[in-house]
$ cat data_28.txt   # compact mmCIF, C-alpha atoms
# COMPACT_ATOMS: atom_id res chain seq x y z
CA MET J 30 64.09 102.86 99.15
CA GLN J 31 66.46 105.55 100.33
CA HIS J 32 64.69 105.73 103.71
CA GLU J 33 64.96 101.95 104.14
CA SER J 34 68.68 102.09 103.28
CA SER J 35 69.38 104.86 105.80
CA THR J 36 67.41 102.96 108.47
CA PHE J 37 69.40 99.80 107.75
CA PHE J 38 72.74 101.56 108.14
CA SER J 39 71.56 103.40 111.25
CA ASN J 40 70.56 100.11 112.90
CA ALA J 41 73.80 98.49 111.76
CA ARG J 42 75.82 101.32 113.31
CA LYS J 43 73.99 100.92 116.61
CA ARG J 44 74.63 97.16 116.65
CA LEU J 45 78.29 97.77 115.82
CA LEU J 46 78.76 100.23 118.69
CA LYS J 47 77.15 97.77 121.12
CA ASN J 48 79.70 95.11 120.14
CA LYS J 49 82.49 95.48 122.72
CA GLY J 50 85.06 93.64 120.62
CA ALA J 51 84.37 95.76 117.54
CA PHE J 52 84.43 98.94 119.61
CA ALA J 53 87.82 97.96 121.07
CA GLY J 54 89.06 97.35 117.53
CA VAL J 55 87.85 100.77 116.41
CA VAL J 56 89.65 102.42 119.36
CA ILE J 57 92.95 100.66 118.55
CA ILE J 58 92.66 101.54 114.86
CA ALA J 59 91.80 105.17 115.65
CA CYS J 60 94.80 105.46 118.01
CA ALA J 61 97.09 103.94 115.37
CA LEU J 62 95.74 106.32 112.73
CA VAL J 63 96.30 109.41 114.90
CA LEU J 64 99.76 108.16 115.88
CA SER J 65 100.69 107.64 112.23
CA VAL J 66 99.73 111.21 111.37
CA ILE J 67 101.69 112.88 114.18
CA ALA J 68 104.47 110.26 114.28
CA TYR J 69 107.40 112.66 113.83
CA TYR J 70 106.04 115.05 116.47
CA VAL J 71 105.65 112.43 119.23
CA SER J 72 108.55 110.05 118.54
CA PRO J 73 111.74 110.69 120.54
CA ASP J 74 113.75 110.42 117.31
CA HIS J 75 112.28 112.93 114.85
CA SER J 76 114.89 112.35 112.12
CA PRO J 77 113.64 111.01 108.73
CA ASN J 78 112.66 107.32 109.09
CA ALA J 79 113.69 107.52 112.79
CA ASN J 80 117.13 106.57 111.55
CA ARG J 81 119.46 108.25 114.07
CA MET J 82 122.25 105.70 114.38
CA ILE J 83 124.44 105.68 117.49
CA VAL J 84 126.25 102.38 117.06
CA GLU J 85 128.01 102.54 120.44
CA ILE J 86 124.69 101.96 122.24
CA GLY J 87 123.34 99.23 119.94
CA GLY J 88 121.27 96.40 121.41
CA GLN J 89 120.45 98.07 124.73
CA LYS J 90 117.58 96.91 126.96
CA PRO J 91 114.34 98.85 127.63
CA GLY J 92 114.73 101.76 130.01
CA PHE J 93 118.36 102.36 129.02
CA VAL J 94 119.53 105.86 130.00
CA MET J 95 122.55 107.62 128.52
CA ASP J 96 124.12 111.09 128.61
CA PHE J 97 125.08 112.67 125.28
CA VAL J 98 127.24 115.54 124.14
CA VAL J 99 125.27 117.32 121.44
CA VAL J 100 127.78 118.69 118.92
CA PRO J 101 126.31 120.96 116.19
CA LYS J 102 127.02 119.95 112.59
CA GLU J 103 129.34 122.19 110.60
CA LYS J 104 126.84 122.41 107.76
CA LYS J 105 123.71 124.28 108.77
CA VAL J 106 120.56 122.15 108.49
CA ALA J 107 117.41 123.87 107.24
CA ARG J 108 114.43 123.77 109.55
CA ALA J 109 111.53 121.81 108.13
CA GLY J 110 108.13 123.49 107.95
CA PHE J 111 105.12 122.11 109.82
CA PHE J 112 103.76 119.93 107.01
CA ASN J 113 107.20 118.89 105.78
CA ARG J 114 108.13 117.69 109.26
CA LEU J 115 104.73 116.04 109.59
CA LEU J 116 105.45 113.98 106.47
CA ASN J 117 109.21 113.49 106.50
CA GLY J 118 110.54 114.46 109.92
CA GLN J 119 113.37 116.86 110.72
CA GLU J 120 116.99 116.09 109.93
CA ASP J 121 119.27 116.27 112.97
CA ASP J 122 121.33 119.45 113.14
CA ALA J 123 123.84 117.91 115.58
CA TYR J 124 125.77 114.74 116.36
CA TYR J 125 124.94 112.78 119.52
CA ILE J 126 128.06 111.41 121.24
CA PRO J 127 127.36 109.04 124.18
CA ILE J 128 129.45 109.61 127.29
CA HIS J 129 130.08 107.87 130.63
CA SER J 130 130.77 111.09 132.49
CA TYR J 131 131.86 114.69 132.01
CA GLN J 132 133.31 117.62 133.93
CA ARG J 133 133.81 121.29 133.12
CA VAL J 134 137.37 122.56 133.27
CA GLY J 135 137.67 126.24 132.43
CA ASP J 136 136.20 126.78 128.98
CA SER J 137 136.29 123.07 128.13
CA ILE J 138 134.19 120.00 128.82
CA ILE J 139 136.24 116.86 129.51
CA THR J 140 134.24 113.71 128.78
CA SER J 141 134.68 109.96 128.86
CA LYS J 142 133.13 108.83 125.60
CA TYR J 143 131.04 105.66 125.86
CA VAL J 144 132.68 102.88 123.84
CA ASP J 145 131.35 99.91 125.83
CA GLU J 146 129.91 99.34 129.28
CA ASN J 147 133.28 99.53 131.03
CA ILE J 148 135.34 101.15 128.28
CA GLY J 149 135.71 104.90 127.75
CA GLU J 150 137.69 107.29 125.60
CA ARG J 151 138.77 110.73 126.82
CA LEU J 152 137.43 113.57 124.67
CA ALA J 153 137.60 117.34 125.23
CA PHE J 154 135.19 119.91 123.79
CA PHE J 155 135.43 123.69 123.75
CA ALA J 156 132.57 125.19 125.76
CA GLY J 157 133.55 128.83 125.90
CA SER J 158 131.48 131.83 124.83
CA GLY J 159 129.74 131.28 121.49
CA ALA J 160 130.05 127.48 121.66
CA ASP J 161 126.69 125.87 120.97
CA LEU J 162 127.38 122.72 122.99
CA LYS J 163 124.89 120.87 125.19
CA ILE J 164 124.83 117.87 127.49
CA VAL J 165 121.50 116.00 127.37
CA GLN J 166 120.19 112.80 128.90
CA LYS J 167 117.97 110.46 126.91
CA LYS J 168 115.95 107.47 128.01
CA PHE J 169 115.23 104.69 125.50
CA TRP J 170 111.93 103.28 126.75
CA LEU J 171 112.04 100.15 124.57
CA GLY J 172 115.81 100.01 124.13
CA THR J 173 117.85 100.33 120.93
CA ASP J 174 118.39 98.05 117.95
CA LYS J 175 121.77 96.76 116.77
CA PHE J 176 122.45 100.07 115.00
CA GLY J 177 121.70 102.13 118.11
CA ARG J 178 118.34 103.43 116.82
CA ASP J 179 115.48 104.07 119.21
CA ILE J 180 113.03 101.15 118.99
CA LEU J 181 110.05 103.19 120.24
CA SER J 182 110.55 105.84 117.56
CA ARG J 183 110.79 103.25 114.79
CA LEU J 184 107.65 101.50 116.04
CA ILE J 185 105.74 104.78 115.98
CA VAL J 186 106.91 105.76 112.49
CA GLY J 187 106.49 102.16 111.29
CA VAL J 188 102.74 102.22 111.94
CA ARG J 189 102.48 104.40 108.83
CA VAL J 190 103.69 101.56 106.61
CA SER J 191 101.22 99.04 108.04
CA LEU J 192 98.24 101.39 107.71
CA ALA J 193 99.31 102.64 104.28
CA VAL J 194 99.83 99.16 102.84
CA GLY J 195 96.46 98.10 104.24
CA LEU J 196 94.65 101.15 102.87
CA ILE J 197 96.11 100.99 99.36
CA ALA J 198 95.90 97.19 99.15
CA VAL J 199 92.25 97.30 100.25
CA PHE J 200 91.47 100.00 97.68
CA ILE J 201 93.06 97.98 94.87
CA SER J 202 91.56 94.66 95.96
CA LEU J 203 88.05 96.09 96.45
CA THR J 204 88.13 97.90 93.13
CA ILE J 205 89.10 94.76 91.18
CA GLY J 206 86.94 92.42 93.25
CA ILE J 207 83.79 94.55 93.10
CA ILE J 208 84.04 95.13 89.33
CA LEU J 209 84.63 91.45 88.50
CA GLY J 210 82.07 90.25 91.05
CA LEU J 211 79.37 92.60 89.74
CA VAL J 212 80.04 91.71 86.10
CA ALA J 213 80.16 87.94 86.70
CA GLY J 214 77.08 87.83 88.91
CA TYR J 215 74.91 90.18 86.86
CA PHE J 216 75.60 89.02 83.30
CA GLY J 217 76.14 85.33 84.05
CA GLY J 218 76.64 82.85 81.20
CA ARG J 219 79.92 82.99 79.31
CA THR J 220 81.02 86.16 81.13
CA ASP J 221 80.52 84.46 84.49
CA ASN J 222 82.42 81.38 83.33
CA MET J 223 85.38 83.43 82.11
CA VAL J 224 85.58 85.50 85.29
CA MET J 225 85.27 82.42 87.52
CA TRP J 226 87.96 80.62 85.52
CA PHE J 227 90.29 83.57 86.09
CA ILE J 228 89.39 83.71 89.79
CA ASN J 229 90.06 79.98 90.21
CA VAL J 230 93.45 80.30 88.49
CA ILE J 231 94.50 83.10 90.85
CA TRP J 232 92.94 81.24 93.79
CA SER J 233 95.10 78.20 93.09
CA ILE J 234 98.34 80.13 93.47
CA PRO J 235 99.58 80.54 97.09
CA THR J 236 99.33 84.18 98.14
CA LEU J 237 102.99 84.60 99.11
CA LEU J 238 104.22 83.02 95.88
CA LEU J 239 101.98 85.33 93.85
CA VAL J 240 103.22 88.34 95.81
CA PHE J 241 106.82 87.24 95.21
CA ALA J 242 106.16 86.96 91.47
CA ILE J 243 104.57 90.42 91.29
CA THR J 244 107.33 91.92 93.44
CA LEU J 245 109.99 90.45 91.15
CA VAL J 246 108.26 92.09 88.17
CA LEU J 247 107.68 95.47 89.85
CA GLY J 248 110.87 95.50 91.94
CA LYS J 249 111.44 96.02 95.65
CA GLY J 250 110.22 99.18 97.30
CA PHE J 251 107.52 101.10 99.15
CA TRP J 252 104.86 101.44 96.45
CA GLN J 253 105.63 98.12 94.79
CA VAL J 254 104.69 96.25 97.96
CA PHE J 255 101.32 98.04 98.15
CA ILE J 256 100.47 97.15 94.57
CA ALA J 257 101.69 93.56 94.90
CA VAL J 258 99.63 92.92 98.04
CA GLY J 259 96.55 94.62 96.56
CA LEU J 260 96.69 92.49 93.41
CA THR J 261 96.51 89.29 95.46
CA LEU J 262 93.62 90.06 97.83
CA TRP J 263 90.75 90.68 95.41
CA VAL J 264 89.75 87.04 94.85
CA ASN J 265 87.67 86.60 98.02
CA THR J 266 85.95 89.91 97.41
CA ALA J 267 85.04 88.97 93.83
CA ARG J 268 83.60 85.61 94.88
CA ILE J 269 81.48 87.07 97.67
CA ILE J 270 80.18 89.96 95.55
CA ARG J 271 79.30 87.54 92.73
CA THR J 272 77.32 85.38 95.15
CA GLN J 273 75.38 88.40 96.42
CA VAL J 274 74.65 89.70 92.92
CA LEU J 275 73.38 86.29 91.74
CA SER J 276 70.57 86.53 94.29
CA LEU J 277 69.93 90.25 93.90
CA ARG J 278 69.51 90.25 90.12
CA GLU J 279 66.39 88.07 90.37
CA LEU J 280 64.56 90.43 92.75
CA GLN J 281 61.52 92.35 91.60
CA TYR J 282 63.00 95.86 91.82
CA ILE J 283 65.81 94.81 89.45
CA GLU J 284 63.22 93.41 87.02
CA ALA J 285 61.31 96.68 87.33
CA ALA J 286 64.46 98.68 86.58
CA ARG J 287 65.04 96.61 83.44
CA ALA J 288 61.40 97.10 82.40
CA LEU J 289 61.81 100.87 82.75
CA GLY J 290 64.71 100.72 80.30
CA TYR J 291 67.53 101.51 82.71
CA THR J 292 70.98 100.66 81.39
CA ASN J 293 72.96 97.79 82.89
CA ALA J 294 75.55 100.26 84.21
CA ARG J 295 72.87 102.27 86.03
CA ILE J 296 71.30 99.13 87.52
CA LEU J 297 74.69 97.87 88.71
CA ILE J 298 75.84 101.17 90.21
CA HIS J 299 72.59 102.59 91.63
CA HIS J 300 70.57 99.50 92.52
CA ILE J 301 72.86 96.50 93.08
CA LEU J 302 76.10 98.01 94.40
CA PRO J 303 74.46 99.81 97.39
CA ASN J 304 72.93 96.50 98.46
CA VAL J 305 76.28 94.68 98.64
CA THR J 306 77.88 97.39 100.81
CA GLY J 307 77.66 95.21 103.94
CA PRO J 308 79.78 92.33 102.60
CA VAL J 309 82.18 94.86 101.05
CA MET J 310 82.81 96.49 104.44
CA VAL J 311 83.43 93.12 106.06
CA MET J 312 85.86 92.14 103.30
CA ALA J 313 87.63 95.51 103.59
CA ALA J 314 88.38 94.90 107.28
CA SER J 315 89.50 91.33 106.58
CA ASN J 316 91.73 92.38 103.66
CA PHE J 317 93.24 95.16 105.78
CA ALA J 318 94.36 92.63 108.40
CA THR J 319 95.67 90.24 105.74
CA ALA J 320 97.59 93.03 104.00
CA ILE J 321 99.37 93.98 107.24
CA VAL J 322 100.47 90.37 107.84
CA VAL J 323 101.58 89.87 104.21
CA GLU J 324 103.59 93.12 104.21
CA ALA J 325 105.28 92.15 107.48
CA GLY J 326 106.13 88.74 106.02
CA LEU J 327 107.53 90.25 102.83
CA SER J 328 109.64 92.75 104.77
CA PHE J 329 110.92 89.98 107.04
CA LEU J 330 111.98 87.99 103.96
CA GLY J 331 113.72 91.04 102.48
CA VAL J 332 111.46 91.66 99.47
CA GLY J 333 109.19 94.23 101.09
CA ILE J 334 109.97 97.64 102.59
CA GLN J 335 113.68 98.37 102.27
CA PRO J 336 115.99 99.94 104.89
CA PRO J 337 116.23 102.48 106.38
CA GLN J 338 112.45 102.93 106.18
CA PRO J 339 110.95 101.45 109.35
CA SER J 340 108.58 98.51 108.92
CA TRP J 341 107.49 96.22 111.73
CA GLY J 342 108.33 93.14 109.66
CA LEU J 343 111.73 94.58 108.79
CA MET J 344 112.36 95.35 112.48
CA ILE J 345 111.71 91.70 113.35
CA LYS J 346 114.15 90.63 110.63
CA GLU J 347 116.85 93.00 111.88
CA ASN J 348 116.49 91.96 115.52
CA TYR J 349 115.18 88.38 115.58
CA ASN J 350 118.61 87.05 116.58
CA PHE J 351 118.23 88.92 119.89
CA ILE J 352 115.36 86.56 120.83
CA ILE J 353 117.86 83.93 121.99
CA THR J 354 120.11 86.50 123.69
CA ASN J 355 119.49 88.82 126.62
CA ASN J 356 117.23 91.32 124.80
CA PRO J 357 114.30 89.53 123.10
CA LEU J 358 112.03 92.62 123.29
CA LEU J 359 113.75 94.09 120.21
CA ALA J 360 111.94 91.51 118.07
CA ILE J 361 108.93 90.91 120.33
CA ALA J 362 107.82 94.60 120.39
CA PRO J 363 107.13 94.91 116.63
CA GLY J 364 105.55 91.44 116.69
CA VAL J 365 103.13 92.56 119.42
CA CYS J 366 102.29 95.71 117.41
CA ILE J 367 101.46 93.60 114.34
CA MET J 368 99.33 91.28 116.49
CA LEU J 369 97.36 94.15 118.07
CA LEU J 370 96.64 95.92 114.78
CA VAL J 371 95.63 92.71 112.99
CA LEU J 372 93.46 91.73 115.97
CA ALA J 373 91.79 95.16 115.88
CA PHE J 374 90.83 94.80 112.20
CA ASN J 375 89.62 91.23 112.75
CA LEU J 376 87.46 92.36 115.67
CA LEU J 377 86.09 95.19 113.55
CA GLY J 378 85.41 92.77 110.68
CA ASN J 379 83.52 90.38 112.99
CA GLY J 380 81.54 93.30 114.39
CA LEU J 381 80.65 94.54 110.91
CA ARG J 382 79.61 91.04 109.86
CA ASP J 383 77.24 90.78 112.81
CA ALA J 384 75.98 94.35 112.40
CA VAL J 385 75.00 93.99 108.74
CA ASP J 386 73.79 90.42 109.36
CA VAL J 387 75.59 88.82 106.44
CA LYS J 388 76.69 85.79 108.44
CA GLY J 389 76.39 82.58 106.48
CA LYS J 390 75.40 84.25 103.20
CA ALA J 391 78.82 83.99 101.56

$ encode --input "data_28.txt" --output "structure tokens"
Amino acid sequence: MQHESSTFFSNARKRLLKNKGAFAGVVIIACALVLSVIAYYVSPDHSPNANRMIVEIGGQKPGFVMDFVVVPKEKKVARAGFFNRLLNGQEDDAYYIPIHSYQRVGDSIITSKYVDENIGERLAFFAGSGADLKIVQKKFWLGTDKFGRDILSRLIVGVRVSLAVGLIAVFISLTIGIILGLVAGYFGGRTDNMVMWFINVIWSIPTLLLVFAITLVLGKGFWQVFIAVGLTLWVNTARIIRTQVLSLRELQYIEAARALGYTNARILIHHILPNVTGPVMVMAASNFATAIVVEAGLSFLGVGIQPPQPSWGLMIKENYNFIITNNPLLAIAPGVCIMLLVLAFNLLGNGLRDAVDVKGKA
């Protein structure tokens, strides 16, 4: 039995790798995963939540270049350790002041501070011995939002939210769905009727409305969104697992297990659950994609991830008014990121479905 199972998964893996669409999805997901881990080390803005606001340069187009005077903060900022920066970023130890131009005069730097495209303000800075003052040039590859934050940096850090909400929501939805599906399909009778009644009640409520209701109970925030999304995605999983178990429980090896006196828990965990792994993997990929879209929708509506934490849905909300102005990329860029990541999980789900050959059995 174990040999047959390992052969099945080996063949399924080979079929999955031969599927070009699924392989492309795996590559995109792997790149997003690596990017989410090293986000604060590769993003141009390494401050917590990529939240460096320079309001004077808000709403700039992609490729915008600006010189800055870097003025150290009076209060010394502690340097974050490797893992602390990996998780939370590094707080800026200086202020970034945008300038049109500058010139050195003696021990001073005379600048024209950037107020608007054709408006400047004269500022002088001491640059003598001991002055820790620098002039740097930065390029904003995808432009800046209305608060002057780097769009590219917030996209990179924002991938963490999408992957995290998908991972936790999938874990919650699979846990609930598998347990209820196994119990309903295996025991049948009154237990099955009760579970199916509950599933149908939840099924009848629109997903977004149910998420809103749960969010109102739990409150707005990072973890609340994960839980709310997870508690709404288990229904499909439960229905599919129940259907699989209904057919599996009549097979001879299950009858043999009962005849040997195995407990119901042992039969469910060791004999039935491994044989529904294929549909579970397909549902996991599908739920992951759905969770990303639902989180983006919630954040866009203002009941999901809260500022200043970057979320792709929240970025669309903050910048969607630029679509009808001269800088639509501010809202289009996070939309494209959502599309690519959802497409990747859908391609992976289709590939898994074909690889485990569960098409048409749900």

$ residues_around --input "data_28.txt" --residues "J:Glu85" --least-positions-apart "2" --cutoff "8 Å" --atoms "all atoms listed in the file" --output "PyMOL selection string"
chain J and resi 83+87+127+143-145+177

$ atom_distance --input "data_28.txt" --atom1 "atom CA of J:Pro363" --atom2 "atom CA of J:Gln253"
22.1 Å

$ residues_around --input "data_28.txt" --residues "J:Gln273" --least-positions-apart "5" --cutoff "9 Å" --atoms "only C-alpha atoms" --output "JSON, numbers by chain"
{"J": [210, 211, 214, 268, 278, 304, 305, 308, 390, 391]}

$ atom_distance --input "data_28.txt" --atom1 "atom CA of J:Ala153" --atom2 "atom CA of J:Gly92"
28.1 Å

$ atom_distance --input "data_28.txt" --atom1 "atom CA of J:Pro303" --atom2 "atom CA of J:Leu277"
11.1 Å
